[in-house]
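Structure below is target22.tsv: TSV, C-alpha atoms.
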```tsv
chain	number	residue	atom	x	y	z
A	1	MET	CA	-27.18	-52.23	-45.40
A	2	ASP	CA	-26.60	-51.32	-41.77
A	3	PHE	CA	-23.09	-50.56	-40.47
A	4	SER	CA	-22.02	-51.05	-36.87
A	5	ALA	CA	-18.71	-49.22	-37.31
A	6	LEU	CA	-16.73	-47.20	-39.84
A	7	LEU	CA	-12.99	-46.45	-39.86
A	8	PRO	CA	-12.44	-43.66	-42.41
A	9	GLY	CA	-8.89	-42.58	-43.22
A	10	VAL	CA	-8.42	-38.83	-42.76
A	11	GLU	CA	-4.65	-39.43	-42.65
A	12	SER	CA	-3.42	-35.85	-43.19
A	13	TRP	CA	-4.64	-32.27	-43.32
A	14	TYR	CA	-2.30	-31.64	-46.24
A	15	ASP	CA	-1.45	-34.76	-48.21
A	16	LEU	CA	-1.67	-38.54	-48.76
A	17	GLY	CA	-4.42	-39.64	-51.08
A	18	ASN	CA	-8.11	-38.82	-51.21
A	19	LYS	CA	-9.68	-41.20	-48.71
A	20	SER	CA	-11.51	-38.37	-46.98
A	21	ARG	CA	-12.81	-37.02	-50.34
A	22	ALA	CA	-11.14	-33.72	-49.52
A	23	ALA	CA	-7.95	-33.77	-51.56
A	24	HIS	CA	-8.66	-30.34	-53.02
A	25	ILE	CA	-8.71	-28.59	-49.66
A	26	ARG	CA	-6.08	-28.29	-46.95
A	27	GLY	CA	-5.48	-27.19	-43.40
A	28	GLU	CA	-8.26	-25.71	-41.30
A	29	GLU	CA	-10.75	-25.79	-44.17
A	30	LYS	CA	-10.26	-29.54	-44.41
A	31	VAL	CA	-10.66	-29.89	-40.63
A	32	ASN	CA	-14.05	-28.18	-40.81
A	33	GLN	CA	-15.28	-30.21	-43.78
A	34	VAL	CA	-14.14	-33.58	-42.46
A	35	SER	CA	-15.55	-32.81	-39.02
A	36	GLU	CA	-18.95	-32.04	-40.54
A	37	HIS	CA	-18.87	-35.33	-42.44
A	38	ILE	CA	-17.90	-37.35	-39.37
A	39	ASN	CA	-20.59	-35.74	-37.24
A	40	MET	CA	-23.14	-36.53	-39.94
A	41	ILE	CA	-22.03	-40.17	-40.07
A	42	PHE	CA	-22.73	-40.48	-36.35
A	43	ARG	CA	-26.40	-39.95	-37.05
A	44	TYR	CA	-26.40	-43.34	-38.80
A	45	VAL	CA	-23.43	-45.31	-37.49
A	46	PRO	CA	-22.81	-45.82	-33.75
A	47	TYR	CA	-19.03	-46.22	-33.90
A	48	VAL	CA	-16.48	-44.27	-35.94
A	49	GLN	CA	-12.69	-44.36	-35.73
A	50	THR	CA	-10.83	-41.67	-37.67
A	51	ASN	CA	-7.33	-42.65	-38.77
A	52	PHE	CA	-4.36	-40.29	-39.08
A	53	VAL	CA	-0.75	-40.76	-40.22
A	54	LEU	CA	1.84	-38.79	-38.24
A	55	GLY	CA	5.20	-37.71	-39.65
A	56	LEU	CA	4.37	-37.24	-43.33
A	57	ASP	CA	6.73	-35.15	-45.43
A	58	SER	CA	3.95	-32.62	-45.99
A	59	ASP	CA	3.84	-31.92	-42.24
A	60	SER	CA	6.06	-29.37	-40.53
A	61	GLY	CA	5.94	-27.41	-37.31
A	62	PRO	CA	3.15	-27.63	-34.73
A	63	GLU	CA	0.24	-26.89	-37.09
A	64	PRO	CA	-0.61	-30.46	-38.23
A	65	PHE	CA	-0.86	-31.59	-34.61
A	66	GLU	CA	-2.84	-28.51	-33.55
A	67	LEU	CA	-5.28	-29.04	-36.42
A	68	THR	CA	-5.86	-32.59	-35.23
A	69	LYS	CA	-6.57	-31.28	-31.74
A	70	ARG	CA	-9.11	-28.92	-33.30
A	71	PHE	CA	-10.73	-31.87	-35.04
A	72	ILE	CA	-10.90	-33.74	-31.70
A	73	ASP	CA	-12.79	-30.78	-30.26
A	74	LYS	CA	-15.14	-30.45	-33.22
A	75	SER	CA	-15.88	-34.19	-33.50
A	76	PRO	CA	-15.55	-35.42	-29.93
A	77	ASN	CA	-17.42	-38.70	-30.53
A	78	ALA	CA	-14.86	-40.09	-32.99
A	79	PHE	CA	-12.13	-42.36	-31.68
A	80	PRO	CA	-8.78	-41.11	-33.07
A	81	GLY	CA	-6.39	-43.72	-34.44
A	82	TYR	CA	-2.80	-42.53	-34.90
A	83	SER	CA	-0.23	-44.34	-37.05
A	84	LEU	CA	3.44	-43.41	-37.31
A	85	LEU	CA	4.61	-43.14	-40.91
A	86	THR	CA	5.95	-46.56	-41.89
A	87	ALA	CA	7.41	-48.02	-45.09
A	88	PHE	CA	6.17	-51.57	-45.68
A	89	GLY	CA	8.57	-53.03	-48.23
A	90	GLU	CA	7.08	-52.84	-51.73
A	91	ALA	CA	3.65	-51.69	-50.54
A	92	ALA	CA	4.00	-48.26	-52.20
A	93	PRO	CA	6.27	-46.80	-54.91
A	94	LEU	CA	6.94	-43.88	-52.56
A	95	ASN	CA	9.03	-46.25	-50.46
A	96	LEU	CA	11.64	-46.17	-53.22
A	97	GLU	CA	12.05	-42.43	-52.69
A	98	TYR	CA	12.52	-42.95	-48.96
A	99	GLN	CA	15.19	-45.56	-49.68
A	100	ARG	CA	16.97	-43.42	-52.28
A	101	SER	CA	17.23	-40.62	-49.73
A	102	HIS	CA	18.57	-43.06	-47.08
A	103	ARG	CA	15.69	-42.42	-44.69
A	104	VAL	CA	14.45	-45.99	-44.09
A	105	LEU	CA	15.65	-47.55	-40.83
A	106	PRO	CA	16.19	-51.31	-40.36
A	107	PHE	CA	13.60	-51.85	-37.62
A	108	PRO	CA	12.65	-55.55	-37.42
A	109	PHE	CA	9.26	-56.55	-38.79
A	110	HIS	CA	8.18	-57.14	-35.18
A	111	PHE	CA	7.86	-53.37	-34.73
A	112	LEU	CA	6.26	-52.38	-38.05
A	113	ASN	CA	2.72	-52.11	-36.71
A	114	ASN	CA	2.34	-48.31	-37.06
A	115	HIS	CA	3.03	-47.41	-33.44
A	116	LEU	CA	5.93	-49.36	-31.90
A	117	ALA	CA	8.41	-47.84	-34.33
A	118	MET	CA	8.56	-45.32	-37.15
A	119	ASN	CA	11.05	-46.68	-39.66
A	120	ILE	CA	11.35	-43.48	-41.71
A	121	LYS	CA	13.35	-40.48	-40.54
A	122	PRO	CA	11.03	-37.44	-40.45
A	123	LEU	CA	11.78	-34.85	-43.11
A	124	ASN	CA	10.82	-31.75	-41.12
A	125	TYR	CA	11.30	-32.75	-37.47
A	126	ASN	CA	14.15	-33.96	-35.33
A	127	TRP	CA	13.29	-37.10	-33.40
A	128	VAL	CA	12.83	-35.57	-29.94
A	129	ASP	CA	10.68	-32.75	-31.30
A	130	PHE	CA	8.57	-35.25	-33.23
A	131	TYR	CA	7.96	-37.45	-30.20
A	132	ASP	CA	7.19	-34.39	-28.10
A	133	LYS	CA	4.41	-33.51	-30.52
A	134	VAL	CA	3.13	-37.08	-30.79
A	135	ILE	CA	2.99	-37.39	-27.00
A	136	ASP	CA	1.24	-34.03	-26.64
A	137	LEU	CA	-1.39	-34.95	-29.25
A	138	THR	CA	-2.00	-38.38	-27.76
A	139	GLU	CA	-2.36	-36.94	-24.26
A	140	TYR	CA	-4.82	-34.36	-25.58
A	141	SER	CA	-6.82	-37.03	-27.41
A	142	PHE	CA	-7.14	-39.20	-24.31
A	143	SER	CA	-7.32	-36.53	-21.63
A	144	PRO	CA	-10.09	-36.77	-19.00
A	145	ARG	CA	-11.96	-34.00	-20.84
A	146	ALA	CA	-11.75	-35.80	-24.19
A	147	LEU	CA	-12.74	-39.14	-22.65
A	148	TYR	CA	-15.73	-37.57	-20.93
A	149	ARG	CA	-16.96	-35.84	-24.10
A	150	ARG	CA	-16.48	-39.05	-26.14
A	151	PHE	CA	-18.30	-41.14	-23.53
A	152	ARG	CA	-21.12	-38.65	-23.00
A	153	GLY	CA	-21.69	-37.92	-26.70
A	154	ILE	CA	-22.31	-41.47	-27.88
A	155	PRO	CA	-25.74	-42.93	-27.07
A	156	ASN	CA	-24.79	-46.50	-27.97
A	157	TYR	CA	-23.83	-48.38	-24.79
A	158	THR	CA	-21.36	-50.76	-26.44
A	159	SER	CA	-19.58	-47.95	-28.27
A	160	LYS	CA	-19.27	-45.90	-25.08
A	161	TRP	CA	-17.46	-48.65	-23.22
A	162	MET	CA	-15.38	-49.82	-26.17
A	163	ASN	CA	-13.98	-46.30	-26.55
A	164	LEU	CA	-13.26	-46.02	-22.85
A	165	MET	CA	-11.53	-49.40	-22.60
A	166	ARG	CA	-9.40	-48.70	-25.67
A	167	ALA	CA	-8.42	-45.31	-24.29
A	168	ILE	CA	-7.29	-46.48	-20.86
A	169	SER	CA	-5.48	-49.58	-22.14
A	170	SER	CA	-2.76	-50.08	-24.77
A	171	GLU	CA	-4.17	-47.78	-27.47
A	172	GLY	CA	-4.39	-44.67	-25.33
A	173	TYR	CA	-2.55	-44.59	-22.04
A	174	GLY	CA	-0.33	-47.50	-23.06
A	175	ARG	CA	0.99	-45.70	-26.11
A	176	ILE	CA	1.60	-42.53	-24.14
A	177	ARG	CA	3.77	-44.49	-21.71
A	178	PHE	CA	5.65	-46.17	-24.55
A	179	PHE	CA	6.25	-42.93	-26.48
A	180	ARG	CA	7.63	-41.34	-23.32
A	181	LYS	CA	10.09	-44.23	-22.91
A	182	VAL	CA	11.26	-43.82	-26.52
A	183	ARG	CA	11.74	-40.09	-26.02
A	184	GLU	CA	13.73	-40.71	-22.85
A	185	GLN	CA	16.01	-43.16	-24.65
A	186	LEU	CA	16.55	-40.70	-27.50
A	187	ILE	CA	17.90	-38.18	-25.00
A	188	LYS	CA	19.83	-40.46	-22.66
A	189	ASP	CA	21.27	-43.19	-24.90
A	190	LYS	CA	23.60	-42.15	-27.71
A	191	SER	CA	23.58	-45.59	-29.35
A	192	PHE	CA	19.77	-45.46	-29.35
A	193	ARG	CA	19.81	-42.05	-31.03
A	194	ASP	CA	22.45	-43.19	-33.53
A	195	TYR	CA	20.15	-46.02	-34.65
A	196	PHE	CA	17.30	-43.56	-35.20
A	197	GLU	CA	19.60	-41.28	-37.15
A	198	GLY	CA	20.71	-44.13	-39.40
A	199	GLU	CA	24.27	-43.93	-38.12
A	200	SER	CA	24.16	-47.43	-36.60
A	201	GLN	CA	22.64	-50.73	-37.76
A	202	GLU	CA	22.70	-52.34	-34.32
A	203	LEU	CA	19.22	-52.66	-32.85
A	204	PRO	CA	19.10	-50.96	-29.42
A	205	GLU	CA	18.75	-53.26	-26.44
A	206	PHE	CA	15.51	-51.44	-25.61
A	207	TYR	CA	13.88	-53.01	-28.69
A	208	THR	CA	15.65	-56.36	-28.46
A	209	ASN	CA	14.23	-56.80	-24.97
A	210	ILE	CA	10.71	-56.16	-26.30
A	211	VAL	CA	11.10	-58.95	-28.86
A	212	LYS	CA	12.48	-61.30	-26.18
A	213	LYS	CA	9.58	-60.53	-23.86
A	214	ASP	CA	6.95	-60.95	-26.59
A	215	LEU	CA	8.38	-64.24	-27.88
A	216	GLY	CA	9.16	-65.75	-24.49
A	217	VAL	CA	10.69	-69.23	-24.84
A	218	TRP	CA	10.42	-68.97	-28.63
A	219	TRP	CA	13.21	-66.38	-28.66
A	220	ASN	CA	15.72	-69.20	-28.24
A	221	TRP	CA	14.45	-70.82	-31.43
A	222	LEU	CA	15.21	-67.83	-33.64
A	223	PRO	CA	18.18	-68.40	-35.94
A	224	GLN	CA	21.02	-65.92	-35.78
A	225	GLY	CA	20.20	-62.74	-37.68
A	226	ALA	CA	16.49	-63.54	-37.90
A	227	ILE	CA	15.41	-60.10	-36.72
A	228	ASN	CA	17.63	-58.30	-39.23
A	229	HIS	CA	16.75	-57.35	-42.79
A	230	ASN	CA	17.89	-55.01	-45.54
A	231	PRO	CA	15.71	-51.88	-45.33
A	232	ASN	CA	16.67	-51.01	-48.91
A	233	ALA	CA	15.77	-54.37	-50.45
A	234	TYR	CA	13.06	-52.80	-52.63
A	235	LEU	CA	15.53	-50.36	-54.15
A	236	LYS	CA	18.10	-53.12	-54.67
A	237	LYS	CA	15.50	-55.28	-56.39
A	238	LYS	CA	14.59	-52.46	-58.77
A	239	ALA	CA	18.24	-51.85	-59.60
A	240	GLU	CA	18.84	-55.54	-60.26
A	241	HIS	CA	15.78	-55.68	-62.51
A	242	LYS	CA	17.07	-52.77	-64.60
A	243	VAL	CA	20.39	-54.55	-65.04
A	244	ALA	CA	18.61	-57.78	-65.99
A	245	VAL	CA	16.57	-56.11	-68.75
A	246	GLY	CA	19.59	-54.24	-70.03
A	247	VAL	CA	18.58	-50.74	-68.96
A	248	LEU	CA	21.92	-50.14	-67.29
```
Let's see the structure in the file written out as structure tokens.
Amino acid sequence: MDFSALLPGVESWYDLGNKSRAAHIRGEEKVNQVSEHINMIFRYVPYVQTNFVLGLDSDSGPEPFELTKRFIDKSPNAFPGYSLLTAFGEAAPLNLEYQRSHRVLPFPFHFLNNHLAMNIKPLNYNWVDFYDKVIDLTEYSFSPRALYRRFRGIPNYTSKWMNLMRAISSEGYGRIRFFRKVREQLIKDKSFRDYFEGESQELPEFYTNIVKKDLGVWWNWLPQGAINHNPNAYLKKKAEHKVAVGVL
């Protein structure tokens, strides 16, 4: 069977599953092993996107981001896909722990696409520091040098141009611009920062305006409260189930 593209999940240099078949190693050793695997895959598959999750509880300080930069240098042909840590309802039991520790934020479903919003407060970063590091990594990944090496290193014509177009549009430059706007709001707007800290339930106007723009005329058809939800519904459901079966 021939593959045109592969999207392996590296996800973390320290934690989160075994998708990269390297759960027993960590840090720089994992960077080297995964990079060797990805470079080998390119001998058989013309397009590879490597996926990472940013903001995991196992991450702290600059090292996770610097290790990803090192991977970018060692495997320049791979297109890096970055997702902000997000809790999707009942998708994972770990979400219960996030809810018990009051770290899940009530971002509307409209923003839970891995990059428009991170609905879990980072364990080891403050918000401005986290976005500083995300911006720095994204800029590094889509710098002129990185784009040139990615373009030059792939012989497949379609893959070359797909990477370039993705980089200079919403997935590369577009996300850098958006992350910078979020960082600016975190510094300038107290109500915005309060929402991110879980001290307010009122969605900042910055995000409400995005929904209005995306929906256009359909915004007027939304019933009152349609963009709101209980971020701890999973935990509440579990508690109610225990009561129903007589555990409590």
### Selection: 9 Å around Met118 of chain A, only C-alpha atoms, excl. self and same-chain fewer than 4 positions, as a list in words
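My reading of the contact set: Gly55, Ser83, Leu84, Leu85, Thr86, Ala87, Leu105, Phe107, Phe111, Leu112, Asn113, Asn114 and Pro122 of chain A.
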### Message
Using Å and a single decimal, report how far atom CA of Ala146 of chain A sits from atom CA of Pro76 of chain A.
### Response
6.9 Å
### Query
Ser4 of chain A: which residues within 8 Å, counting all atoms listed in the file, same-chain residues fewer than 4 positions away excluded, as an NGL selection string?
:A and (45-47)
For the selection just defined, write its residues with C-alpha atoms to a file, as a PDB file, in the frame of the given file.
```pdb
ATOM      1  CA  VAL A  45     -23.430 -45.310 -37.490  1.00  0.00           C
ATOM      2  CA  PRO A  46     -22.810 -45.820 -33.750  1.00  0.00           C
ATOM      3  CA  TYR A  47     -19.030 -46.220 -33.900  1.00  0.00           C
TER       4      TYR A  47
END
```
### Message
I'd like to know which of A:Lys160, A:Val128, A:Leu116, A:Phe88 is closest to Lys188 of chain A, using all atoms listed in the file.
### Response
A:Val128
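If you measure from each of A:Ala167, A:Leu56, A:Ala91, A:Ala239 to Phe79 of chain A using only C-alpha atoms, the closest one turns out to be A:Ala167.
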### Query
Using all atoms listed in the file, which of the listed residues (A:Val31, A:Leu67, A:Leu96, A:Val53) sits closest to Lys238 of chain A?
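Distance minimum relative to Lys238 of chain A lands on A:Leu96.
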### Query
Which one is closest to Arg150 of chain A: A:Ile227, A:Ile176, A:Val182, A:Ala78? Count all atoms listed in the file.
A:Ala78
### Query
Counting all atoms listed in the file, what is within 6 Å of Leu7 of chain A, bar same-chain residues fewer than 6 positions away, as a list in words?
Val48, Gln49 and Thr50 of chain A
Long-range neighbours of Ala233 of chain A as a compact mmCIF listing (two decimals) with C-alpha atoms, in the frame of the given file, 9 Å cut-off, all atoms listed in the file, 4 positions minimum in chain:
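To be explicit, this is the file written out as selection-v8.txt:
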```
# COMPACT_ATOMS: atom_id res chain seq x y z
CA GLY A 89 8.57 -53.03 -48.23
CA GLU A 90 7.08 -52.84 -51.73
CA GLN A 99 15.19 -45.56 -49.68
CA HIS A 229 16.75 -57.35 -42.79
CA LYS A 237 15.50 -55.28 -56.39
CA LYS A 238 14.59 -52.46 -58.77
```
